[in-house]
$ cat run-v3.cif   # mmCIF, C-alpha atoms
data_input
loop_
_atom_site.label_atom_id
_atom_site.label_comp_id
_atom_site.auth_asym_id
_atom_site.auth_seq_id
_atom_site.Cartn_x
_atom_site.Cartn_y
_atom_site.Cartn_z
CA MET A 1 1.82 10.24 7.83
CA TYR A 2 1.52 6.53 7.34
CA VAL A 3 1.38 4.00 10.14
CA LEU A 4 0.83 0.27 10.14
CA SER A 5 -1.54 -0.88 12.88
CA ILE A 6 -1.44 -4.63 13.22
CA ASP A 7 -2.67 -7.15 15.73
CA ARG A 8 -0.11 -8.75 18.03
CA SER A 9 -1.32 -12.26 17.09
CA ILE A 10 -0.68 -11.58 13.39
CA ILE A 11 2.83 -10.26 14.09
CA ASP A 12 3.49 -13.38 16.16
CA ALA A 13 2.29 -15.61 13.29
CA ILE A 14 4.47 -13.78 10.76
CA VAL A 15 7.53 -14.09 13.00
CA ALA A 16 6.79 -17.80 13.54
CA HIS A 17 6.58 -18.28 9.76
CA ALA A 18 9.88 -16.45 9.23
CA ARG A 19 11.58 -18.53 11.93
CA ARG A 20 10.17 -21.77 10.49
CA ASP A 21 11.53 -21.07 7.00
CA HIS A 22 14.87 -19.63 8.17
CA PRO A 23 17.50 -19.61 6.59
CA ASP A 24 15.30 -19.38 3.48
CA GLU A 25 13.29 -16.21 3.04
CA ALA A 26 9.63 -16.47 4.03
CA CYS A 27 6.85 -14.47 2.39
CA GLY A 28 3.14 -13.88 2.67
CA VAL A 29 0.19 -11.54 2.82
CA VAL A 30 -2.17 -10.15 5.42
CA ALA A 31 -5.51 -9.42 3.81
CA GLY A 32 -8.05 -6.95 5.11
CA PRO A 33 -11.36 -5.41 4.03
CA VAL A 34 -10.99 -3.10 1.01
CA GLY A 35 -10.33 0.47 2.09
CA SER A 36 -10.03 -0.40 5.79
CA ASP A 37 -6.21 -0.33 5.96
CA THR A 38 -6.67 -3.02 8.62
CA PRO A 39 -4.84 -6.33 8.23
CA THR A 40 -7.04 -9.14 9.54
CA ARG A 41 -6.32 -12.42 7.71
CA HIS A 42 -2.79 -13.87 7.68
CA ILE A 43 -1.95 -15.93 4.58
CA PRO A 44 1.52 -17.51 4.64
CA MET A 45 2.67 -18.09 1.04
CA ASP A 46 5.18 -20.53 -0.43
CA ASN A 47 8.48 -19.04 -1.48
CA ALA A 48 8.69 -20.58 -4.97
CA ALA A 49 12.34 -19.52 -5.16
CA ARG A 50 13.22 -21.43 -1.94
CA SER A 51 16.21 -19.19 -1.53
CA MET A 52 18.14 -17.50 1.26
CA THR A 53 18.36 -14.30 -0.79
CA PHE A 54 15.25 -14.20 -2.97
CA TYR A 55 11.54 -14.78 -2.71
CA GLU A 56 8.79 -15.09 -5.25
CA PHE A 57 5.16 -16.09 -4.82
CA ASP A 58 4.20 -19.25 -6.66
CA SER A 59 2.19 -17.97 -9.65
CA MET A 60 -0.76 -20.33 -9.17
CA GLU A 61 -1.00 -19.73 -5.42
CA HIS A 62 -0.77 -16.00 -6.14
CA LEU A 63 -3.78 -16.19 -8.50
CA ARG A 64 -5.80 -18.30 -6.07
CA VAL A 65 -5.16 -16.03 -3.09
CA TRP A 66 -5.79 -12.80 -5.05
CA ARG A 67 -9.10 -14.23 -6.39
CA GLU A 68 -10.11 -15.28 -2.92
CA MET A 69 -9.42 -11.76 -1.62
CA ASP A 70 -11.48 -10.34 -4.49
CA ASP A 71 -14.39 -12.64 -3.64
CA ARG A 72 -14.24 -11.56 0.00
CA ASP A 73 -13.91 -7.84 -0.77
CA GLU A 74 -10.42 -7.86 0.66
CA GLU A 75 -7.12 -6.48 -0.54
CA PRO A 76 -3.48 -7.17 0.35
CA VAL A 77 -3.03 -4.72 3.24
CA VAL A 78 0.38 -6.14 4.19
CA ILE A 79 2.91 -7.96 1.99
CA TYR A 80 5.71 -9.37 4.11
CA HIS A 81 8.96 -11.22 3.65
CA SER A 82 12.01 -12.01 5.69
CA HIS A 83 15.66 -11.19 5.25
CA THR A 84 17.61 -13.92 6.93
CA ALA A 85 21.14 -12.48 7.04
CA THR A 86 20.64 -8.74 6.58
CA GLU A 87 18.63 -5.89 8.04
CA ALA A 88 14.87 -5.45 7.64
CA TYR A 89 15.18 -2.75 4.99
CA PRO A 90 13.99 -3.02 1.36
CA SER A 91 16.75 -4.04 -1.03
CA ARG A 92 16.97 -2.59 -4.52
CA THR A 93 15.35 -5.79 -5.72
CA ASP A 94 12.45 -5.30 -3.31
CA VAL A 95 11.95 -1.77 -4.60
CA SER A 96 12.15 -2.85 -8.25
CA PHE A 97 9.47 -5.47 -7.82
CA ALA A 98 7.09 -3.67 -5.47
CA GLY A 99 3.85 -3.86 -7.44
CA GLU A 100 1.19 -3.06 -4.85
CA PRO A 101 1.33 0.69 -4.19
CA GLY A 102 -1.43 0.46 -1.57
CA ALA A 103 0.27 -2.20 0.54
CA HIS A 104 2.41 -1.95 3.64
CA TYR A 105 5.65 -3.80 2.89
CA LEU A 106 6.62 -5.47 6.15
CA LEU A 107 10.13 -6.85 6.54
CA VAL A 108 11.29 -9.18 9.28
CA SER A 109 14.96 -9.87 9.84
CA THR A 110 15.81 -13.21 11.42
CA ARG A 111 19.58 -12.74 11.33
CA GLU A 112 19.71 -12.61 15.16
CA PRO A 113 18.72 -15.95 16.70
CA ASP A 114 16.99 -14.43 19.74
CA SER A 115 15.29 -11.31 18.43
CA GLU A 116 13.54 -10.07 15.33
CA GLU A 117 13.73 -6.72 13.65
CA ILE A 118 10.34 -5.76 12.21
CA ARG A 119 9.92 -2.69 10.03
CA SER A 120 7.28 -1.46 7.62
CA PHE A 121 7.51 0.58 4.43
CA ARG A 122 5.47 2.09 1.64
CA ILE A 123 7.05 1.55 -1.76
CA VAL A 124 5.47 3.72 -4.46
CA ASP A 125 7.10 4.48 -7.82
CA GLY A 126 10.49 3.39 -6.53
CA VAL A 127 10.33 5.64 -3.45
CA VAL A 128 10.68 3.95 -0.05
CA THR A 129 9.03 5.57 2.97
CA GLU A 130 9.41 3.96 6.36
CA GLU A 131 6.40 4.09 8.67
CA PRO A 132 5.93 3.21 12.33
CA VAL A 133 4.46 -0.16 13.28
CA ARG A 134 1.80 0.04 15.98
CA VAL A 135 1.11 -3.35 17.53
CA VAL A 136 -2.44 -3.69 18.77
CA GLU A 137 -3.17 -6.19 21.50
CA ALA A 138 -5.38 -9.02 20.30
CA GLY A 139 -9.12 -8.65 20.34
CA VAL A 140 -9.23 -5.91 22.92
CA ASP A 141 -11.63 -3.11 22.20
CA PRO A 142 -10.16 -0.20 24.15
CA HIS A 143 -13.66 1.22 24.71
CA ALA A 144 -15.16 -1.96 26.14
CA VAL A 145 -15.19 -2.42 29.89
CA GLN A 146 -14.79 -6.11 30.08
CA SER A 147 -12.32 -8.66 31.29
CA TYR A 148 -11.76 -12.15 30.03
CA MET A 149 -11.10 -15.26 32.07
CA PHE A 150 -9.79 -18.13 30.00
CA GLY A 151 -9.81 -21.73 31.15
CA GLN A 152 -11.60 -21.15 34.42
CA SER A 153 -14.99 -20.25 35.78
CA PRO A 154 -15.50 -17.15 37.85
CA ALA A 155 -16.30 -17.82 41.48
CA THR A 156 -19.00 -15.20 41.47
CA VAL A 157 -20.95 -13.65 38.65
CA ASP A 158 -22.18 -10.12 39.03
CA TYR A 159 -24.56 -9.23 36.23
CA GLU A 160 -25.21 -5.53 35.94
CA CYS A 161 -28.97 -5.92 36.14
CA SER A 162 -29.05 -8.34 39.02
CA GLY A 163 -28.24 -6.06 41.90
CA ARG A 164 -31.75 -5.51 43.24
CA MET B 1 -18.76 -11.33 -26.66
CA ALA B 2 -15.35 -10.15 -25.67
CA ILE B 3 -12.46 -11.16 -23.48
CA GLU B 4 -12.55 -9.77 -19.97
CA VAL B 5 -9.17 -8.50 -18.73
CA ARG B 6 -8.53 -7.88 -15.04
CA ILE B 7 -6.07 -5.04 -14.50
CA PRO B 8 -3.89 -4.84 -11.35
CA THR B 9 -3.87 -1.66 -9.26
CA ILE B 10 -0.42 -0.58 -10.45
CA LEU B 11 -1.50 -0.58 -14.12
CA ARG B 12 -4.89 1.10 -13.69
CA SER B 13 -3.37 4.45 -14.60
CA TYR B 14 -3.51 3.12 -18.19
CA THR B 15 -7.20 2.20 -17.99
CA GLY B 16 -8.57 5.35 -16.38
CA GLY B 17 -8.77 3.52 -13.07
CA ALA B 18 -10.83 0.62 -14.46
CA LYS B 19 -10.31 -2.71 -12.75
CA VAL B 20 -11.76 -4.72 -15.63
CA VAL B 21 -11.63 -3.87 -19.33
CA ASP B 22 -12.78 -5.75 -22.44
CA GLY B 23 -10.68 -6.65 -25.42
CA THR B 24 -10.54 -8.93 -28.43
CA GLY B 25 -7.94 -11.15 -30.06
CA ASP B 26 -7.24 -14.72 -31.10
CA THR B 27 -4.01 -14.84 -29.11
CA LEU B 28 -2.63 -13.04 -26.08
CA ALA B 29 -0.36 -11.00 -28.39
CA ASP B 30 -3.41 -9.87 -30.41
CA LEU B 31 -5.30 -9.01 -27.24
CA LEU B 32 -2.45 -6.87 -25.91
CA ASN B 33 -2.25 -4.99 -29.23
CA ASP B 34 -5.99 -4.42 -29.08
CA LEU B 35 -5.80 -3.17 -25.49
CA ASP B 36 -2.87 -0.90 -26.31
CA SER B 37 -4.92 0.80 -29.04
CA ARG B 38 -7.31 2.06 -26.34
CA HIS B 39 -5.04 2.04 -23.31
CA GLY B 40 -1.77 3.35 -24.75
CA GLY B 41 1.34 2.22 -22.90
CA LEU B 42 -0.20 -0.82 -21.23
CA ARG B 43 1.44 -3.28 -23.62
CA GLY B 44 4.87 -1.76 -22.96
CA ARG B 45 4.55 -2.59 -19.26
CA LEU B 46 3.94 -6.25 -20.03
CA ILE B 47 6.21 -6.96 -22.98
CA THR B 48 9.95 -6.40 -23.26
CA ASP B 49 11.84 -4.65 -26.03
CA THR B 50 12.59 -8.05 -27.52
CA GLY B 51 8.92 -8.88 -27.70
CA THR B 52 8.51 -11.42 -24.93
CA LEU B 53 6.42 -11.32 -21.78
CA HIS B 54 8.20 -9.77 -18.82
CA ARG B 55 9.60 -12.41 -16.49
CA PHE B 56 8.00 -10.78 -13.44
CA VAL B 57 4.51 -10.25 -14.75
CA ASN B 58 2.05 -13.09 -14.37
CA VAL B 59 -0.69 -13.41 -16.97
CA TYR B 60 -3.40 -16.01 -16.66
CA VAL B 61 -6.06 -17.21 -19.09
CA ASN B 62 -8.94 -18.38 -16.94
CA ASP B 63 -7.13 -20.53 -14.35
CA GLU B 64 -3.90 -21.18 -16.26
CA ASP B 65 -0.58 -19.36 -16.23
CA VAL B 66 0.07 -18.39 -19.88
CA ARG B 67 3.64 -19.66 -19.55
CA PHE B 68 2.11 -23.12 -19.81
CA LEU B 69 -0.13 -22.11 -22.74
CA GLY B 70 2.46 -20.75 -25.15
CA ALA B 71 2.95 -17.32 -23.54
CA LEU B 72 2.08 -14.60 -26.08
CA ASP B 73 0.90 -17.30 -28.53
CA ALA B 74 -1.71 -18.54 -26.04
CA LYS B 75 -5.01 -19.02 -27.85
CA LEU B 76 -8.00 -17.01 -26.66
CA SER B 77 -11.73 -17.42 -27.20
CA ASP B 78 -14.68 -15.13 -26.58
CA GLY B 79 -15.72 -15.34 -22.97
CA ASP B 80 -12.22 -16.06 -21.68
CA SER B 81 -11.04 -14.15 -18.66
CA VAL B 82 -7.47 -12.83 -18.63
CA THR B 83 -5.89 -11.77 -15.33
CA ILE B 84 -2.70 -9.73 -15.04
CA LEU B 85 -0.80 -9.73 -11.74
CA PRO B 86 2.63 -8.24 -11.15
CA ALA B 87 4.77 -10.96 -9.57
CA VAL B 88 5.32 -10.53 -5.85
CA ALA B 89 9.04 -11.01 -5.53
CA GLY B 90 12.14 -9.52 -3.98
CA GLY B 91 14.70 -10.43 -1.40
CA ALA B 92 17.99 -9.52 0.14
CA PHE B 93 20.05 -10.32 -2.95
CA GLY B 94 19.91 -6.68 -3.93
CA PHE B 95 23.00 -5.78 -5.85
CA ALA B 96 23.44 -8.64 -8.26
CA ALA B 97 19.78 -9.07 -9.01
CA ALA B 98 19.06 -5.38 -9.52
CA ALA B 99 22.19 -4.95 -11.62
CA ALA B 100 21.22 -7.92 -13.75
CA ILE B 101 17.78 -6.45 -14.26
CA SER B 102 18.94 -3.00 -15.25
CA SER B 103 21.90 -3.97 -17.45
CA HIS B 104 20.22 -6.82 -19.26
CA SER B 105 16.72 -5.47 -19.46
CA ALA B 106 16.84 -5.42 -23.24
CA ALA B 107 19.04 -8.41 -24.02
CA ALA B 108 17.80 -10.85 -21.43
CA ALA B 109 14.44 -9.39 -20.67
CA SER B 110 12.58 -12.63 -21.03
CA ARG B 111 14.48 -13.92 -18.02
CA HIS B 112 15.08 -10.85 -15.92
CA GLY B 113 12.68 -8.08 -16.88
CA ALA B 114 10.61 -6.42 -14.22
CA VAL B 115 7.39 -4.52 -14.54
CA ALA B 116 8.32 -1.80 -12.13
CA VAL B 117 11.86 -1.09 -13.28
CA ARG B 118 12.36 2.32 -14.76
#
$ encode --input "run-v3.cif" --output "structure tokens"
Amino acid sequence: MYVLSIDRSIIDAIVAHARRDHPDEACGVVAGPVGSDTPTRHIPMDNAARSMTFYEFDSMEHLRVWREMDDRDEEPVVIYHSHTATEAYPSRTDVSFAGEPGAHYLLVSTREPDSEEIRSFRIVDGVVTEEPVRVVEAGVDPHAVQSYMFGQSPATVDYECSGR
Amino acid sequence: MAIEVRIPTILRSYTGGAKVVDGTGDTLADLLNDLDSRHGGLRGRLITDTGTLHRFVNVYVNDEDVRFLGALDAKLSDGDSVTILPAVAGGAFGFAAAAAISSHSAAAASRHGAVAVR
């Protein structure tokens, strides 16, 4: 069974992009290391169609970004776009054009002003399969025993090796 | 020397999984015929029944979109690199767009054809 695991900060950036371009559809990619199935690098793309009902990557930006991924041994792990007046479910157009069988197709609906619907799909040979989205909290390794303190200095520092 | 052609994931079933193949030809049309002789069916995914490039397939010679180089008449030289990318497109406008694509795929394919439509 498929699942999309994606960092909270990337989801936030995608939603911000979709809100910024609303009511036009927004689109983009999240690249990740080849074979990792892990989206790590958010790349907002221009919607060359600048439309409320259609999106299309600009052909030159598409080439540049795909080359860059190739050079970095990355692949498009997530391809996302927004629907601005309808639900976050692939339209027939989305299914017709889905050309990256290995990608997670993430849809964000911005039709509600205060909340976003975020859903993810595999689209292979015209068949749509929804998958769960698992949001991972940013930069936290669940196996590490460590806490972070941002913007302040700890009052005391207790290094593990100092307690003699 | 030959022309290097970069094949997108979705079309690698025609190249035995190869990401890059070599071909020859003085124009893009010649190159696609040459490729089709070894990778049967590939040309049909890129060119419509009326003999034009599909609207939603991007083909580049080196760093240029072939639409600005004469499309299928684009001139090629040994050592050129050709990249094929299926357009990333879609959107909520499902019914009209999909209907237009399926009903006019032959007649108006140069405007509305799609690589993944069956």
$ residues_around --input "run-v3.cif" --residues "Asp24 (chain A)" --least-positions-apart "2" --cutoff "10 Å" --atoms "all atoms listed in the file" --output "list in words"
Ala18, Arg19, Arg20, Asp21, His22, Ala26, Cys27, Asn47, Ala49, Arg50, Ser51, Met52, Thr53, Phe54, Tyr55, Ser82, His83, Thr84 and Ala85 of chain A
$ interface_residues --input "run-v3.cif" --of "chain A" --to "chain B" --cutoff "8 Å" --atoms "only C-alpha atoms" --output "list in words"
Glu25, Thr53, Phe54, Tyr55, Glu56, Phe57, Ser59, Met60, Leu63, His81, Ser82, His83, Thr86, Pro90, Ser91, Arg92, Thr93, Asp94, Val95, Ser96, Phe97, Ala98, Gly99, Glu100, Pro101, Asp125 and Gly126 of chain A
$ resolve_selection --input "run-v3.cif" --expression "the PyMOL selection byres ((chain A and resi 12) around 12)" --output "list in words"
Ile6, Asp7, Arg8, Ser9, Ile10, Ile11, Ala13, Ile14, Val15, Ala16, His17, Ala18, Arg19, His42, Val108, Glu116, Ile118, Val135, Val136, Glu137 and Ala138 of chain A
$ residues_around --input "run-v3.cif" --residues "Ser5 (chain A)" --least-positions-apart "6" --cutoff "9 Å" --atoms "only C-alpha atoms" --output "ChimeraX atom specification"
/A:37-39,132-136
$ write_last_selection --input "run-v3.cif" --atoms "C-alpha atoms" --output "CSV table (one decimal), keeping the file's coordinate frame"
chain,number,residue,atom,x,y,z
A,37,ASP,CA,-6.2,-0.3,6.0
A,38,THR,CA,-6.7,-3.0,8.6
A,39,PRO,CA,-4.8,-6.3,8.2
A,132,PRO,CA,5.9,3.2,12.3
A,133,VAL,CA,4.5,-0.2,13.3
A,134,ARG,CA,1.8,0.0,16.0
A,135,VAL,CA,1.1,-3.4,17.5
A,136,VAL,CA,-2.4,-3.7,18.8
$ atom_distance --input "run-v3.cif" --atom1 "CA of Val30 (chain A)" --atom2 "CA of Val3 (chain A)"
15.3 Å
$ resolve_selection --input "run-v3.cif" --expression "the PyMOL selection byres ((chain B and resi 23-32) around 8)" --output "ChimeraX atom specification"
/B:2-5,21-22,33-36,42-43,71-78
$ write_last_selection --input "run-v3.cif" --atoms "C-alpha atoms" --output "mmCIF file, in the frame of the given file"
data_model
loop_
_atom_site.group_PDB
_atom_site.id
_atom_site.type_symbol
_atom_site.label_atom_id
_atom_site.label_comp_id
_atom_site.auth_asym_id
_atom_site.auth_seq_id
_atom_site.Cartn_x
_atom_site.Cartn_y
_atom_site.Cartn_z
ATOM 1 C CA ALA B 2 -15.350 -10.150 -25.670
ATOM 2 C CA ILE B 3 -12.460 -11.160 -23.480
ATOM 3 C CA GLU B 4 -12.550 -9.770 -19.970
ATOM 4 C CA VAL B 5 -9.170 -8.500 -18.730
ATOM 5 C CA VAL B 21 -11.630 -3.870 -19.330
ATOM 6 C CA ASP B 22 -12.780 -5.750 -22.440
ATOM 7 C CA ASN B 33 -2.250 -4.990 -29.230
ATOM 8 C CA ASP B 34 -5.990 -4.420 -29.080
ATOM 9 C CA LEU B 35 -5.800 -3.170 -25.490
ATOM 10 C CA ASP B 36 -2.870 -0.900 -26.310
ATOM 11 C CA LEU B 42 -0.200 -0.820 -21.230
ATOM 12 C CA ARG B 43 1.440 -3.280 -23.620
ATOM 13 C CA ALA B 71 2.950 -17.320 -23.540
ATOM 14 C CA LEU B 72 2.080 -14.600 -26.080
ATOM 15 C CA ASP B 73 0.900 -17.300 -28.530
ATOM 16 C CA ALA B 74 -1.710 -18.540 -26.040
ATOM 17 C CA LYS B 75 -5.010 -19.020 -27.850
ATOM 18 C CA LEU B 76 -8.000 -17.010 -26.660
ATOM 19 C CA SER B 77 -11.730 -17.420 -27.200
ATOM 20 C CA ASP B 78 -14.680 -15.130 -26.580
#
$ atom_distance --input "run-v3.cif" --atom1 "CA of Leu53 (chain B)" --atom2 "CA of Val65 (chain A)"
22.5 Å
$ closest_residue --input "run-v3.cif" --among "B:Arg55, B:Val20, B:Gly70, B:Thr15" --to "Val82 (chain B)" --atoms "only C-alpha atoms"
B:Val20
$ atom_distance --input "run-v3.cif" --atom1 "CA of Glu117 (chain A)" --atom2 "CA of Ala88 (chain A)"
6.2 Å
$ residues_around --input "run-v3.cif" --residues "Glu130 (chain A)" --least-positions-apart "2" --cutoff "9 Å" --atoms "only C-alpha atoms" --output "tab-separated table (two decimals) with C-alpha atoms, in the frame of the given file"
chain	number	residue	atom	x	y	z
A	2	TYR	CA	1.52	6.53	7.34
A	3	VAL	CA	1.38	4.00	10.14
A	89	TYR	CA	15.18	-2.75	4.99
A	119	ARG	CA	9.92	-2.69	10.03
A	120	SER	CA	7.28	-1.46	7.62
A	121	PHE	CA	7.51	0.58	4.43
A	122	ARG	CA	5.47	2.09	1.64
A	123	ILE	CA	7.05	1.55	-1.76
A	128	VAL	CA	10.68	3.95	-0.05
A	132	PRO	CA	5.93	3.21	12.33
$ decode --input "run-v3.cif" --residues "region 92-110 of chain A" --atoms "N, CA and C atoms" --output "mmCIF file, in the first residue's frame"
data_model
loop_
_atom_site.group_PDB
_atom_site.id
_atom_site.type_symbol
_atom_site.label_atom_id
_atom_site.label_comp_id
_atom_site.auth_asym_id
_atom_site.auth_seq_id
_atom_site.Cartn_x
_atom_site.Cartn_y
_atom_site.Cartn_z
ATOM 1 N N ARG A 92 -10.536 14.431 -14.887
ATOM 2 C CA ARG A 92 -10.198 13.601 -16.054
ATOM 3 C C ARG A 92 -8.993 14.173 -16.785
ATOM 4 N N THR A 93 -8.896 15.497 -16.790
ATOM 5 C CA THR A 93 -7.737 16.125 -17.432
ATOM 6 C C THR A 93 -6.455 15.724 -16.712
ATOM 7 N N ASP A 94 -6.502 15.776 -15.367
ATOM 8 C CA ASP A 94 -5.320 15.414 -14.583
ATOM 9 C C ASP A 94 -4.873 13.988 -14.914
ATOM 10 N N VAL A 95 -5.859 13.098 -15.038
ATOM 11 C CA VAL A 95 -5.539 11.693 -15.294
ATOM 12 C C VAL A 95 -4.964 11.535 -16.697
ATOM 13 N N SER A 96 -5.561 12.250 -17.666
ATOM 14 C CA SER A 96 -5.077 12.163 -19.048
ATOM 15 C C SER A 96 -3.624 12.572 -19.176
ATOM 16 N N PHE A 97 -3.239 13.589 -18.419
ATOM 17 C CA PHE A 97 -1.912 14.169 -18.598
ATOM 18 C C PHE A 97 -0.860 13.607 -17.654
ATOM 19 N N ALA A 98 -1.270 12.761 -16.713
ATOM 20 C CA ALA A 98 -0.305 12.306 -15.710
ATOM 21 C C ALA A 98 0.808 11.492 -16.368
ATOM 22 N N GLY A 99 1.994 12.066 -16.439
ATOM 23 C CA GLY A 99 3.085 11.446 -17.201
ATOM 24 C C GLY A 99 4.247 10.964 -16.359
ATOM 25 N N GLU A 100 4.093 10.990 -15.042
ATOM 26 C CA GLU A 100 5.174 10.521 -14.169
ATOM 27 C C GLU A 100 4.624 9.409 -13.275
ATOM 28 N N PRO A 101 4.697 8.161 -13.755
ATOM 29 C CA PRO A 101 4.071 7.063 -13.018
ATOM 30 C C PRO A 101 4.657 6.836 -11.624
ATOM 31 N N GLY A 102 5.886 7.324 -11.399
ATOM 32 C CA GLY A 102 6.498 7.110 -10.090
ATOM 33 C C GLY A 102 6.171 8.189 -9.071
ATOM 34 N N ALA A 103 5.473 9.239 -9.515
ATOM 35 C CA ALA A 103 5.275 10.399 -8.632
ATOM 36 C C ALA A 103 4.003 10.275 -7.794
ATOM 37 N N HIS A 104 4.029 10.938 -6.649
ATOM 38 C CA HIS A 104 2.816 11.147 -5.868
ATOM 39 C C HIS A 104 2.158 12.416 -6.412
ATOM 40 N N TYR A 105 0.922 12.316 -6.853
ATOM 41 C CA TYR A 105 0.209 13.515 -7.324
ATOM 42 C C TYR A 105 -0.567 14.101 -6.154
ATOM 43 N N LEU A 106 -0.079 15.230 -5.672
ATOM 44 C CA LEU A 106 -0.675 15.872 -4.498
ATOM 45 C C LEU A 106 -1.604 16.989 -4.967
ATOM 46 N N LEU A 107 -2.831 16.980 -4.466
ATOM 47 C CA LEU A 107 -3.774 18.044 -4.811
ATOM 48 C C LEU A 107 -4.163 18.810 -3.561
ATOM 49 N N VAL A 108 -4.217 20.115 -3.711
ATOM 50 C CA VAL A 108 -4.629 20.996 -2.622
ATOM 51 C C VAL A 108 -5.845 21.762 -3.106
ATOM 52 N N SER A 109 -6.925 21.725 -2.336
ATOM 53 C CA SER A 109 -8.063 22.559 -2.693
ATOM 54 C C SER A 109 -8.086 23.795 -1.805
ATOM 55 N N THR A 110 -8.194 24.954 -2.466
ATOM 56 C CA THR A 110 -8.252 26.222 -1.729
ATOM 57 C C THR A 110 -9.647 26.838 -1.841
#
